[in-house]
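For reference, the structure discussed in these notes is given below.
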Amino acid sequence: MKSILIIDDHPLFREGLKAIIGRSNKFEVTGEAGNAHQGLRMAKKYKPDLVVVDISLPDTNGIQLTREIRDLLPETRIIIVSMHSKVDYIVEAFQAGATGYVVKESASEKLLKGLESVAKGEYFLDSAVSHQVVKALMKFPGKEAKITDADYGSLTPREQEIMRLLAEGLSAKEIAEKLFISPKTVENHRANIMNKLGLHSTMELVRYAAKLGLIDVDLWKE
């Protein structure tokens, strides 16, 4: 039986995942965590075979956490479960070391299949987005180098997360609520981001994010 660690900041969603996993006699949930810090600590403690990680966590993003877990436990397989189905998130997740990606709305149908695939050493990707991602990987083999632009690389993981949300059009208040921090903290991060990147307006930020492939430009079209 394969051991699983669940890392997601919503207790109800964790319960839902445990109920789905409980349908199979191949897996056992040995731990759960509500944030990245706790999740990393539990990964060190339990050394699970598989980790199910939410991409949006209160203290860092799931992609950064995936890198940290893979550095710590190279044999552990990681599935990202996310409400995001945009290609750039998914490509970045696989580049960080994830071996599976399931969109939250289809978790009830796809999660067990995904866990079985990655447990066998295969990659698993939600069929709804797989065609787009393969196209993106074929078209942009240098995507990783592109995203690690020197200026962008100078941002902390939290600043990268806030930059992405700002570029997607969220207000400081909306970002604060999403990340469980104060609007003032968001504004401080925004100022640091603009300073590090040498940008002077939100539209410049959007253009920069689009150039790196971090957002869907279609979001901004009327």
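Letters for chains follow the order of the structure tokens (A, B, ...), residue numbers begin at 1 for each chain, and ligand numbers begin at 1 in the order shown.
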Contacts of Leu205 in chain A at 10 Å (only C-alpha atoms; same-chain gap of 4+ positions) as number ranges by chain: A: 163-164, 166-168, 193-194, 197-201, 209-211
Could you save those same residues with N, CA and C atoms as a PDB file, in the first residue's frame?
```
ATOM      1  N   MET A 163       3.021  38.892  -8.162  1.00  0.00           N
ATOM      2  CA  MET A 163       3.153  39.473  -9.495  1.00  0.00           C
ATOM      3  C   MET A 163       2.172  38.824 -10.466  1.00  0.00           C
ATOM      4  N   ARG A 164       2.071  37.493 -10.405  1.00  0.00           N
ATOM      5  CA  ARG A 164       1.173  36.768 -11.305  1.00  0.00           C
ATOM      6  C   ARG A 164      -0.282  37.200 -11.069  1.00  0.00           C
ATOM      7  N   LEU A 166      -1.340  40.040  -9.681  1.00  0.00           N
ATOM      8  CA  LEU A 166      -1.499  41.434 -10.137  1.00  0.00           C
ATOM      9  C   LEU A 166      -1.679  41.471 -11.650  1.00  0.00           C
ATOM     10  N   ALA A 167      -0.866  40.682 -12.349  1.00  0.00           N
ATOM     11  CA  ALA A 167      -0.927  40.665 -13.812  1.00  0.00           C
ATOM     12  C   ALA A 167      -2.250  40.090 -14.305  1.00  0.00           C
ATOM     13  N   GLU A 168      -2.870  39.232 -13.500  1.00  0.00           N
ATOM     14  CA  GLU A 168      -4.166  38.665 -13.878  1.00  0.00           C
ATOM     15  C   GLU A 168      -5.318  39.626 -13.593  1.00  0.00           C
ATOM     16  N   ILE A 193       8.312  44.522  -6.193  1.00  0.00           N
ATOM     17  CA  ILE A 193       8.284  43.870  -7.514  1.00  0.00           C
ATOM     18  C   ILE A 193       8.568  44.901  -8.610  1.00  0.00           C
ATOM     19  N   MET A 194       7.861  46.020  -8.565  1.00  0.00           N
ATOM     20  CA  MET A 194       8.014  47.057  -9.597  1.00  0.00           C
ATOM     21  C   MET A 194       9.447  47.596  -9.601  1.00  0.00           C
ATOM     22  N   LEU A 197      11.911  44.934 -11.026  1.00  0.00           N
ATOM     23  CA  LEU A 197      11.734  44.703 -12.466  1.00  0.00           C
ATOM     24  C   LEU A 197      11.872  45.987 -13.289  1.00  0.00           C
ATOM     25  N   GLY A 198      11.992  47.131 -12.596  1.00  0.00           N
ATOM     26  CA  GLY A 198      12.127  48.403 -13.307  1.00  0.00           C
ATOM     27  C   GLY A 198      10.859  48.785 -14.064  1.00  0.00           C
ATOM     28  N   LEU A 199       9.700  48.469 -13.487  1.00  0.00           N
ATOM     29  CA  LEU A 199       8.410  48.758 -14.132  1.00  0.00           C
ATOM     30  C   LEU A 199       7.730  49.918 -13.423  1.00  0.00           C
ATOM     31  N   HIS A 200       6.835  50.599 -14.176  1.00  0.00           N
ATOM     32  CA  HIS A 200       6.231  51.816 -13.616  1.00  0.00           C
ATOM     33  C   HIS A 200       4.706  51.832 -13.622  1.00  0.00           C
ATOM     34  N   SER A 201       4.097  50.805 -14.195  1.00  0.00           N
ATOM     35  CA  SER A 201       2.632  50.783 -14.224  1.00  0.00           C
ATOM     36  C   SER A 201       2.147  49.333 -14.277  1.00  0.00           C
ATOM     37  N   ALA A 209       4.672  40.114 -17.788  1.00  0.00           N
ATOM     38  CA  ALA A 209       4.195  38.771 -17.428  1.00  0.00           C
ATOM     39  C   ALA A 209       3.787  37.988 -18.677  1.00  0.00           C
ATOM     40  N   ALA A 210       3.163  38.688 -19.624  1.00  0.00           N
ATOM     41  CA  ALA A 210       2.736  38.028 -20.864  1.00  0.00           C
ATOM     42  C   ALA A 210       3.954  37.597 -21.681  1.00  0.00           C
ATOM     43  N   LYS A 211       4.982  38.440 -21.698  1.00  0.00           N
ATOM     44  CA  LYS A 211       6.212  38.131 -22.441  1.00  0.00           C
ATOM     45  C   LYS A 211       6.870  36.868 -21.891  1.00  0.00           C
TER      46      LYS A 211
END
```
For Ser24 in chain A, work out the shell of residues within 10 Å, counting only C-alpha atoms and skipping chain neighbours fewer than 4 positions away, then give it as a PyMOL selection string. chain A and resi 1+19-20+28+112+116
Hey, can you spit out that residue selection with N, CA and C atoms as a compact mmCIF listing (two decimals), in the first residue's frame?
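Output saved as part-v4.txt:
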```txt
# COMPACT_ATOMS: atom_id res chain seq x y z
N MET A 1 0.84 -1.20 0.00
CA MET A 1 0.00 0.00 0.00
C MET A 1 0.88 1.25 0.00
N ALA A 19 -11.61 11.05 1.18
CA ALA A 19 -12.75 10.17 0.85
C ALA A 19 -12.52 9.50 -0.51
N ILE A 20 -12.01 10.27 -1.47
CA ILE A 20 -11.72 9.70 -2.80
C ILE A 20 -10.64 8.62 -2.69
N GLU A 28 -2.93 4.81 1.15
CA GLU A 28 -3.29 5.15 2.53
C GLU A 28 -2.79 6.57 2.83
N LEU A 112 -7.77 9.23 -8.47
CA LEU A 112 -7.29 7.85 -8.28
C LEU A 112 -6.51 7.35 -9.49
N GLU A 116 -2.59 6.25 -9.42
CA GLU A 116 -2.14 4.94 -9.92
C GLU A 116 -1.07 5.10 -10.99
```
Between CA of Glu109 in chain A and CA of Asp126 in chain A, measure the distance and give it in Å to one decimal.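 Interatomic distance here is 10.1 Å.
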What does the structure give for the distance between CA of Pro183 in chain A and CA of Asn195 in chain A, in Å to one decimal?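 If I compute the distance from CA of Pro183 in chain A to CA of Asn195 in chain A, I get 18.3 Å.
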Just the number, please: distance in Å from CA of Tyr208 in chain A to CA of Glu187 in chain A, one decimal. 18.7 Å
Closest of A:Ile7, A:Glu159, A:Leu50, A:Arg14 to Gln38 in chain A - atom-to-atom distances counting only C-alpha atoms: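 Among A:Ile7, A:Glu159, A:Leu50, A:Arg14, it is A:Ile7 that comes nearest to Gln38 in chain A.
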Could you check the closest approach to Gly22 in chain A for each of A:Ile4, A:Val52, A:Val102, A:Ala119 and tell me which residue wins, using only C-alpha atoms?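 Ranked by minimum distance to Gly22 in chain A, first place goes to A:Ile4.
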Closest to His37 in chain A among A:Gln64, A:Ser117, A:Asn192, A:Ser3, using only C-alpha atoms? A:Gln64
For a quick check of understanding, using only C-alpha atoms, which of A:Gly39, A:Lys2, A:Tyr152, A:His189 has the smallest distance to Lys120 in chain A?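 When distances to Lys120 in chain A are compared using only C-alpha atoms, the smallest one comes from A:Lys2.
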Would you please give, as a list in words, all residues of range 44-216 of chain A that DSSP assigns to strand (DSSP E) based on the backbone? Leu50, Val51, Val52, Val53, Asp54, Arg77, Ile78, Ile79, Ile80, Val81, Ser82, Gly100, Tyr101, Val102, Val103, Phe124 and Leu125 of chain A
How would the residues just chosen look if you wrote them out with C-alpha atoms as a short mmCIF file (atom, residue, chain, number, x, y, z; two decimals), in the first residue's frame?
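Written out: part.cif:
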```
data_model
loop_
_atom_site.label_atom_id
_atom_site.label_comp_id
_atom_site.auth_asym_id
_atom_site.auth_seq_id
_atom_site.Cartn_x
_atom_site.Cartn_y
_atom_site.Cartn_z
CA LEU A 50 3.14 10.19 -3.01
CA VAL A 51 2.26 13.79 -2.20
CA VAL A 52 -0.90 15.59 -3.33
CA VAL A 53 -0.24 19.36 -3.33
CA ASP A 54 -2.53 22.33 -3.91
CA ARG A 77 6.03 11.31 -6.67
CA ILE A 78 4.02 14.53 -6.59
CA ILE A 79 0.58 15.32 -8.02
CA ILE A 80 -0.52 18.96 -8.18
CA VAL A 81 -4.25 19.48 -7.64
CA SER A 82 -5.27 22.96 -8.71
CA GLY A 100 0.88 14.55 -12.21
CA TYR A 101 -1.57 17.45 -12.56
CA VAL A 102 -5.30 17.25 -11.83
CA VAL A 103 -7.75 20.15 -12.06
CA PHE A 124 -0.45 11.92 -15.51
CA LEU A 125 -2.24 14.96 -16.88
#
```
Measuring atom to atom with only C-alpha atoms, identify which of A:Gly97, A:Pro74, A:Gly16, A:Gly153 is nearest to Gly62 in chain A.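 Nearest to Gly62 in chain A: A:Gly97.
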May I have the residues within 12 Å of Asp71 in chain A as a VMD selection string, using only C-alpha atoms and disregarding those fewer than 4 positions away in the same chain? chain A and resid 40 43 to 44 64 to 67 75 to 77 96 to 98
Extract the full set of alpha helix (DSSP H) residues from range 39-214 of chain A according to DSSP on the backbone, and format it as a PyMOL selection string. chain A and resi 39-46+62-72+87-96+107-119+127-139+143-147+150-153+157-167+172-179+183-197+202-212
Under the rule that only C-alpha atoms are counted, which of A:Asp88, A:Asp9, A:Glu32, A:Glu68 is the nearest residue to Leu214 in chain A?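 Counting only C-alpha atoms, the residue closest to Leu214 in chain A is A:Asp88.
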Need to verify the contact set: Val186 in chain A, 10 Å, only C-alpha atoms, exclusion of same-chain residues closer than 5 positions in sequence. Can you return it as a list in words?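 Everything that qualifies: Arg158, Glu159, Ile162, Met163, Leu166, Ser171, Ala172, Lys173, Glu174, Ile175, Ala176, Leu179, Ile181, Ala191 and Asn192 of chain A.
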Quick one: write out the picked residues with N, CA and C atoms as an mmCIF file, in the first residue's frame?
```cif
data_model
loop_
_atom_site.group_PDB
_atom_site.id
_atom_site.type_symbol
_atom_site.label_atom_id
_atom_site.label_comp_id
_atom_site.auth_asym_id
_atom_site.auth_seq_id
_atom_site.Cartn_x
_atom_site.Cartn_y
_atom_site.Cartn_z
ATOM 1 N N ARG A 158 7.137 34.393 -3.046
ATOM 2 C CA ARG A 158 5.907 35.142 -2.706
ATOM 3 C C ARG A 158 5.713 36.298 -3.668
ATOM 4 N N GLU A 159 6.800 37.015 -4.016
ATOM 5 C CA GLU A 159 6.691 38.124 -4.967
ATOM 6 C C GLU A 159 6.274 37.618 -6.346
ATOM 7 N N ILE A 162 2.539 36.991 -6.174
ATOM 8 C CA ILE A 162 1.771 38.246 -6.165
ATOM 9 C C ILE A 162 1.851 38.932 -7.523
ATOM 10 N N MET A 163 3.021 38.892 -8.162
ATOM 11 C CA MET A 163 3.153 39.473 -9.495
ATOM 12 C C MET A 163 2.172 38.824 -10.466
ATOM 13 N N LEU A 166 -1.340 40.040 -9.681
ATOM 14 C CA LEU A 166 -1.499 41.434 -10.137
ATOM 15 C C LEU A 166 -1.679 41.471 -11.650
ATOM 16 N N SER A 171 -7.061 42.941 -7.537
ATOM 17 C CA SER A 171 -6.724 44.127 -6.745
ATOM 18 C C SER A 171 -5.921 43.697 -5.519
ATOM 19 N N ALA A 172 -5.302 44.692 -4.844
ATOM 20 C CA ALA A 172 -4.533 44.392 -3.629
ATOM 21 C C ALA A 172 -5.432 43.726 -2.589
ATOM 22 N N LYS A 173 -6.674 44.201 -2.491
ATOM 23 C CA LYS A 173 -7.622 43.634 -1.513
ATOM 24 C C LYS A 173 -7.935 42.174 -1.855
ATOM 25 N N GLU A 174 -8.169 41.894 -3.141
ATOM 26 C CA GLU A 174 -8.483 40.521 -3.568
ATOM 27 C C GLU A 174 -7.299 39.585 -3.326
ATOM 28 N N ILE A 175 -6.091 40.094 -3.619
ATOM 29 C CA ILE A 175 -4.886 39.276 -3.395
ATOM 30 C C ILE A 175 -4.700 39.015 -1.903
ATOM 31 N N ALA A 176 -4.930 40.062 -1.091
ATOM 32 C CA ALA A 176 -4.792 39.928 0.361
ATOM 33 C C ALA A 176 -5.720 38.835 0.894
ATOM 34 N N LEU A 179 -4.519 35.299 -0.275
ATOM 35 C CA LEU A 179 -3.271 34.807 0.325
ATOM 36 C C LEU A 179 -3.246 34.936 1.846
ATOM 37 N N ILE A 181 -3.150 37.617 3.753
ATOM 38 C CA ILE A 181 -2.224 38.639 4.242
ATOM 39 C C ILE A 181 -2.950 39.981 4.161
ATOM 40 N N ALA A 191 5.354 47.160 -4.548
ATOM 41 C CA ALA A 191 6.401 48.179 -4.709
ATOM 42 C C ALA A 191 7.762 47.523 -4.943
ATOM 43 N N ASN A 192 8.053 46.457 -4.186
ATOM 44 C CA ASN A 192 9.328 45.744 -4.352
ATOM 45 C C ASN A 192 9.433 45.106 -5.737
#
```
